[in-house]
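Q: Have a look at the structure that comes next, please.
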Amino acid sequence: MGAPCRQAYSETLLAIARQDPTVFVVCSDSSGSAMLGDFAAQLPGQFVEAGIAEQDAVGIGAGLANAGLKPFVTGPACFYSMRSAEQVKVDVAYSHSNVKVVGISGGVSYGALGTSHHSLQDIATMCAIPDLAVVLPADAWQTARMTESLVAYDGPVYVRMGRNAVPDVYGPGGVSGRTDPFVLGKANLLLEGDDVLVVSAGEALHAAYVGATLLRERGISAAVLDLASIMPLDEGAVLAAAARVRAVVTVEEHSVHGGIGSLVASLLAERAPRRMRRIAFPRENLVTGTGAEVFVHYGLTPENVAAQGEALLREVDAAGGAGAGAR
Amino acid sequence: MAPAPTPARNPAAPLDLDRVAALRRADLLTMIHLAKSGHVGGSLSSVDILTALYYDVLDVRPDEPRWPGRDRFVLSKGHSVEGLLCILADRGFFPRAELATYCRYGSRLIGHPSVKVPGIELCTGALGHGLPAGVGMALGAKRTGQTWRTYVLMGDGEQAEGSVWEAAMAAAAHKLDNLVGILDRNRLQISGPTEQVMPLENLADKWRAFGWEVVRVNGHDIPALIAALRGAPCRPGAPTLVLADTTKGRGVKLMENAVKWHHGVPSKEQLAEALADLGVGEVSF
Ligand SMILES: Cc1ncc(C[n+]2csc(CCOP(=O)(O)OP(=O)(O)O)c2C)c(N)n1
Ligand SMILES: [Mg+2]
């Protein structure tokens, strides 16, 4: 198991902020859960506490950016993507403020704390806002690269990461062993393949990747594409990888509506139809459980990724090959 | 029209409400220990307020949770759900044995109030939602000529949410003297003392300036709480805020006024120590 993404984020940001006094953090009684206690203690002049007031925190972020600073407004993804959605839309995105809104403990990583604390509509909401980049890092290694990259990027970004320790996909200890740099708007093709393409991002990527390796063990040529930045969507990478295969499976920690599956489906439907399966959460009040239990309950597991990939390929082949089902 | 002072509604109420509160504290600590998850500090600080409400003040029917004439209660500080669940179970809204499933896979008892649970009016957990909904409930009662009342329990850290003050303004504008806000003033939030994180004082003056009557009370003195809650409205046409001075972690020495016990899970030894503090034996569900 690797480190939690939020830890990699806070450590990387603190290291950078020690050198760059324009890097600021804004919190809303969230410095503990964001692991930014050290930042607040060591760089109090670069830290702003807004109290439990997420709308105010994002607005303050927009103002700090206007003053020439680089604020990272950080707290639970559920509150920043919903409670302060309007501040993100108007004060940050439309105003083109250099604000990074960083949602921690996202997806279902709060587990049994339940619906109020899950963020499963944030990709849908944030991707519909013009000019706003949307990033879901997959593990601690990618989070560190992303943080470095976002400090250097001048523009509005929404980031979502989880709460818990997750197995590394990237880096020397990761299942893929890959060390791709983080580039906003660029997807990473982690495995090449000619039968089925698995598309994912964020903390579901590990299940997607391991599911693809299960398929490969069964003689199926499975590709894996990590979108990394959901917006801007690397359309070229999706189309190129999809062109080689007969079926596409998406895997994401989000509602089945408006997330990665929807984005990929819309793109492919317009440009190069492929039969798809979307592994995501249904539009319902989710079962109670830890994040891991909820993942298993709804099939965000390597075994289900492989099973869905196999089943979909059988359907496509029975119907006469790639794209046939969509025509 | 101002509702008449609340008559005594629960003649079967146990007399020793301090004992009842101690038992519910023991329940919630045991539940959190079993679930390995929970908001200990804020739950313990609210138990006496919830005891005053559910064993005396509120007119509710456990066997008919959606009875239209019931008083409404909203736990705006939804993270203190553990105390509420233990009280609802004890009052018979659902089987006490279910408390053992708290936060377990497949349970309807999650870590914040959910309308899946009988007796809960509103899903909460995102702070700053309770008072606006309470304004709607109280306004609905007024507009339809009903006499039930609405009670909303808030945290002090929660007071930083702007929506609290938007609702405060609306309640006064609509002359909601059938609405009672209760503030669990334990002076702590997650990151530390409220007066350091985001200073709130003078809270009483702020609420008064928004058109509310403010009654200050010791939030662990159950008879005083009952008197304050039943004494509302203090002024016809004005909503009432019961400003309850409390101690976060109340009743367990190791947890009292300790920032780190905002959330936390007592170990087996800590649970035993806590039950000893409370004068309660081992709890089973
Ligand atoms: C909108 C929103 N922001 C943040 C949180 C996370 N959170 C849960 S409890 C809490 C602190 C609450 O402090 P307070 O209101 O003083 O409650 P108490 O001390 O009684 O536990 C915070 C910030 C939340 N639940 N909702
Ligand atoms: Mg408090």
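Labels for the structure tokens follow display order: chains A, B, ..., residues from 1 in each chain, ligands from 1.
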Taking only C-alpha atoms and all ligand atoms into account, report as a ChimeraX atom specification which residues have an atom no farther than 6 Å from an atom of ligand 1.

A: /A:29,52,79 /B:42,79,125-127,155-158,184,186,188-190

Q: With a distance cut-off of 9 Å and only C-alpha atoms, select the neighbouring residues of region 8-20 of chain A, excluding the residue or stretch itself and same-chain residues fewer than 5 positions from it, and output the selection as a compact mmCIF listing (two decimals) with N, CA and C atoms, in the first residue's frame.

A:
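Writing the result to selection20.txt gives the following:
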```
# COMPACT_ATOMS: atom_id res chain seq x y z
N ALA A 3 1.07 5.67 0.05
CA ALA A 3 0.58 6.69 0.98
C ALA A 3 -0.75 7.25 0.45
N ALA A 34 -6.84 17.64 5.76
CA ALA A 34 -6.03 17.81 4.54
C ALA A 34 -4.55 17.56 4.82
N MET A 35 -4.21 17.22 6.05
CA MET A 35 -2.82 17.02 6.46
C MET A 35 -1.98 18.27 6.20
N LEU A 36 -2.61 19.44 6.37
CA LEU A 36 -1.91 20.70 6.16
C LEU A 36 -1.58 21.40 7.48
N ASP A 38 1.08 21.02 9.29
CA ASP A 38 2.48 21.46 9.24
C ASP A 38 2.62 22.74 8.42
N PHE A 39 1.87 22.79 7.33
CA PHE A 39 1.90 24.00 6.49
C PHE A 39 1.47 25.21 7.31
N GLN A 42 4.17 26.01 9.98
CA GLN A 42 5.48 26.46 9.51
C GLN A 42 5.42 27.72 8.64
N LEU A 43 4.30 27.87 7.93
CA LEU A 43 4.18 29.03 7.04
C LEU A 43 2.91 29.80 7.34
N GLN A 46 1.45 32.28 4.96
CA GLN A 46 0.92 31.81 3.67
C GLN A 46 -0.31 30.94 3.87
N ASP A 139 -2.68 8.13 -7.39
CA ASP A 139 -1.90 7.61 -6.27
C ASP A 139 -0.97 8.70 -5.75
N ALA A 140 -0.21 8.38 -4.72
CA ALA A 140 0.65 9.38 -4.10
C ALA A 140 1.71 9.87 -5.08
N TRP A 141 2.25 8.95 -5.86
CA TRP A 141 3.32 9.33 -6.80
C TRP A 141 2.81 10.36 -7.82
N GLN A 142 1.65 10.06 -8.42
CA GLN A 142 1.09 10.98 -9.42
C GLN A 142 0.64 12.29 -8.77
N THR A 143 0.16 12.21 -7.53
CA THR A 143 -0.28 13.42 -6.83
C THR A 143 0.88 14.39 -6.64
N ALA A 144 2.04 13.86 -6.30
CA ALA A 144 3.21 14.72 -6.10
C ALA A 144 3.58 15.42 -7.41
N ARG A 145 3.61 14.65 -8.52
CA ARG A 145 3.93 15.24 -9.83
C ARG A 145 2.88 16.29 -10.20
N MET A 146 1.61 15.95 -9.96
CA MET A 146 0.52 16.87 -10.29
C MET A 146 0.64 18.18 -9.51
N THR A 147 0.96 18.06 -8.21
CA THR A 147 1.05 19.26 -7.38
C THR A 147 2.13 20.20 -7.91
N GLU A 148 3.29 19.63 -8.24
CA GLU A 148 4.37 20.45 -8.81
C GLU A 148 3.90 21.14 -10.08
N VAL A 151 1.30 24.07 -9.50
CA VAL A 151 1.86 25.33 -8.99
C VAL A 151 2.33 26.18 -10.17
```

Q: I'd like to know which residues of region 50-234 of chain B are strand (DSSP E) (by DSSP, run on the backbone); could you write them as a count of residues only?

A: 23

Q: Using only C-alpha atoms and all ligand atoms for the distances, tell me which of B:Asp177, B:Asp245, B:Asp205, B:Asp63 is nearest to ligand 2.

A: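 So, comparing all the options, the nearest one is B:Asp245.
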
Q: Starting from chain A, keep only residues with some atom at most 8 Å from an atom of chain B, counting only C-alpha atoms, and report them as a ChimeraX atom specification.

A: /A:29-32,49-54,79,112-114,116-117,287-290,293

Q: Could you please take those selected residues and save C-alpha atoms as a PDB file, in the first residue's frame?

A:
```pdb
ATOM      1  CA  ASP A  29     -11.524  23.936   9.537  1.00  0.00           C
ATOM      2  CA  SER A  30      -9.991  21.341   7.234  1.00  0.00           C
ATOM      3  CA  SER A  31      -6.240  21.682   7.801  1.00  0.00           C
ATOM      4  CA  GLY A  32      -6.155  18.475   9.850  1.00  0.00           C
ATOM      5  CA  GLU A  49      -8.216  29.879   7.941  1.00  0.00           C
ATOM      6  CA  ALA A  50     -11.754  30.661   6.803  1.00  0.00           C
ATOM      7  CA  GLY A  51     -13.607  28.699   9.475  1.00  0.00           C
ATOM      8  CA  ILE A  52     -16.359  26.284   8.449  1.00  0.00           C
ATOM      9  CA  ALA A  53     -17.309  28.396   5.457  1.00  0.00           C
ATOM     10  CA  GLU A  54     -16.489  26.773   2.123  1.00  0.00           C
ATOM     11  CA  PHE A  79     -18.323  20.512   0.197  1.00  0.00           C
ATOM     12  CA  ALA A 112     -19.857   4.986   6.284  1.00  0.00           C
ATOM     13  CA  LEU A 113     -19.998   8.714   7.037  1.00  0.00           C
ATOM     14  CA  GLY A 114     -22.355   8.468   4.113  1.00  0.00           C
ATOM     15  CA  SER A 116     -23.400  14.006   2.770  1.00  0.00           C
ATOM     16  CA  HIS A 117     -19.686  13.238   2.743  1.00  0.00           C
ATOM     17  CA  VAL A 287     -25.075   1.019   0.520  1.00  0.00           C
ATOM     18  CA  THR A 288     -23.385   1.743   3.865  1.00  0.00           C
ATOM     19  CA  GLY A 289     -19.809   0.563   4.228  1.00  0.00           C
ATOM     20  CA  THR A 290     -16.146   1.455   4.192  1.00  0.00           C
ATOM     21  CA  GLU A 293     -16.719  -2.346   0.859  1.00  0.00           C
TER      22      GLU A 293
END
```

Q: Just want the 7 Å neighbourhood of region 272-284 of chain A, counted on only C-alpha atoms, with same-chain residues fewer than 3 positions away dropped. Output as a list in words.

A: Arg246, Ala247, Val248, Val249, Thr250, Val251, Glu252, Glu253, His254, Ser255, Val256, Gly261, Leu268, Ala269, Tyr298, Leu300, Ala322, Gly323, Gly325 and Ala326 of chain A

Q: For a test of reading the model, state the distance in Å between CA of Thr147 (chain B) and CA of Ala232 (chain B), rounded to one decimal.

A: 13.1 Å

Q: Any idea what's packed within 12 Å of Ala272 (chain B), counting only C-alpha atoms, ignoring anything in its chain fewer than 6 positions away? Could you give it as a list in words?

A: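 Those residues are Ala26, Leu29, Thr30, His33, Val252, Leu254, Pro266, Leu278, Gly279, Val280, Gly281, Glu282 and Val283 of chain B.
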
Q: Create the file for the chosen residues now, containing N, CA and C atoms and written as a PDB file, in the first residue's frame.

A:
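Everything below was put into selection_19.pdb:
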```pdb
ATOM      1  N   ALA B  26     -23.069   6.152  27.617  1.00  0.00           N
ATOM      2  CA  ALA B  26     -22.423   4.832  27.602  1.00  0.00           C
ATOM      3  C   ALA B  26     -22.779   4.085  26.316  1.00  0.00           C
ATOM      4  N   LEU B  29     -20.798   5.613  23.283  1.00  0.00           N
ATOM      5  CA  LEU B  29     -19.370   5.285  23.306  1.00  0.00           C
ATOM      6  C   LEU B  29     -19.150   3.832  22.914  1.00  0.00           C
ATOM      7  N   THR B  30     -20.054   2.973  23.384  1.00  0.00           N
ATOM      8  CA  THR B  30     -19.939   1.555  23.042  1.00  0.00           C
ATOM      9  C   THR B  30     -20.169   1.354  21.542  1.00  0.00           C
ATOM     10  N   HIS B  33     -17.168   2.471  19.682  1.00  0.00           N
ATOM     11  CA  HIS B  33     -16.093   1.484  19.873  1.00  0.00           C
ATOM     12  C   HIS B  33     -16.297   0.293  18.934  1.00  0.00           C
ATOM     13  N   VAL B 252     -16.739  12.278  30.310  1.00  0.00           N
ATOM     14  CA  VAL B 252     -15.603  11.359  30.270  1.00  0.00           C
ATOM     15  C   VAL B 252     -14.326  12.186  30.404  1.00  0.00           C
ATOM     16  N   LEU B 254     -11.149  11.846  30.177  1.00  0.00           N
ATOM     17  CA  LEU B 254     -10.106  11.836  29.156  1.00  0.00           C
ATOM     18  C   LEU B 254     -10.506  12.577  27.879  1.00  0.00           C
ATOM     19  N   PRO B 266     -12.663   5.096  21.040  1.00  0.00           N
ATOM     20  CA  PRO B 266     -12.067   4.633  22.294  1.00  0.00           C
ATOM     21  C   PRO B 266     -11.631   3.167  22.187  1.00  0.00           C
ATOM     22  N   LEU B 278     -18.748   7.374  33.970  1.00  0.00           N
ATOM     23  CA  LEU B 278     -20.185   7.608  33.849  1.00  0.00           C
ATOM     24  C   LEU B 278     -20.984   6.837  34.890  1.00  0.00           C
ATOM     25  N   GLY B 279     -20.313   5.908  35.573  1.00  0.00           N
ATOM     26  CA  GLY B 279     -21.017   5.089  36.559  1.00  0.00           C
ATOM     27  C   GLY B 279     -21.987   4.106  35.914  1.00  0.00           C
ATOM     28  N   VAL B 280     -21.596   3.624  34.747  1.00  0.00           N
ATOM     29  CA  VAL B 280     -22.452   2.690  34.011  1.00  0.00           C
ATOM     30  C   VAL B 280     -21.658   1.412  33.753  1.00  0.00           C
ATOM     31  N   GLY B 281     -22.320   0.271  33.892  1.00  0.00           N
ATOM     32  CA  GLY B 281     -21.673  -1.015  33.617  1.00  0.00           C
ATOM     33  C   GLY B 281     -21.584  -1.263  32.128  1.00  0.00           C
ATOM     34  N   GLU B 282     -21.055  -2.434  31.785  1.00  0.00           N
ATOM     35  CA  GLU B 282     -20.877  -2.786  30.373  1.00  0.00           C
ATOM     36  C   GLU B 282     -22.209  -2.724  29.627  1.00  0.00           C
ATOM     37  N   VAL B 283     -22.148  -2.245  28.387  1.00  0.00           N
ATOM     38  CA  VAL B 283     -23.366  -2.049  27.590  1.00  0.00           C
ATOM     39  C   VAL B 283     -23.502  -3.166  26.566  1.00  0.00           C
TER      40      VAL B 283
END
```

Q: What's the 8 Å shell around region 207-216 of chain B, counting only C-alpha atoms, without same-chain residues fewer than 3 positions away, as a PyMOL selection string?

A: chain B and resi 168-169+172+203-204+228+234-235+238-245

Q: Of the residues B:Lys77, B:His39, B:Arg61, B:His262, which is the one nearest to Leu183 (chain B), using only C-alpha atoms?

A: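 Once distances to Leu183 (chain B) are computed over only C-alpha atoms, the minimum belongs to B:Lys77.
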
Q: Please provide the set of residues having any atom within 8 Å of region 55-68 of chain A, restricted to only C-alpha atoms, with same-chain residues fewer than 2 positions apart removed, written as a PyMOL selection string.

A: chain A and resi 22+26-28+50+53+70-73+80+83-84+87-88+91-92+97-99+101

Q: Can you write just those residues out, C-alpha atoms, as a compact mmCIF listing (two decimals), in the first residue's frame?

A:
```txt
# COMPACT_ATOMS: atom_id res chain seq x y z
CA THR A 22 3.25 33.30 -3.31
CA VAL A 26 -6.89 28.42 2.34
CA CYS A 27 -8.70 25.97 4.65
CA SER A 28 -12.14 25.73 6.23
CA ALA A 50 -11.75 30.66 6.80
CA ALA A 53 -17.31 28.40 5.46
CA LYS A 70 -1.32 31.26 -5.89
CA PRO A 71 -3.99 29.94 -3.52
CA PHE A 72 -4.72 26.24 -3.01
CA VAL A 73 -8.15 26.18 -1.38
CA TYR A 80 -16.07 22.28 -2.31
CA ARG A 83 -21.53 24.01 -1.40
CA SER A 84 -19.16 26.36 -3.17
CA GLN A 87 -17.98 30.41 -6.28
CA VAL A 88 -15.98 27.91 -8.33
CA ASP A 91 -15.37 33.74 -8.99
CA VAL A 92 -12.81 31.17 -10.10
CA SER A 97 -8.67 33.28 -11.33
CA ASN A 98 -5.50 31.34 -10.67
CA VAL A 99 -7.13 29.26 -7.93
CA VAL A 101 -9.69 24.14 -5.55
```

Q: CA of Ser45 (chain B) and CA of Asp59 (chain B) are how many Å apart?

A: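 Calculated distance between CA of Ser45 (chain B) and CA of Asp59 (chain B) is 22.9 Å.
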
Q: Find the distance between CA of Gly162 (chain A) and CA of Ile104 (chain A) and write it in Å to one decimal.

A: 5.6 Å
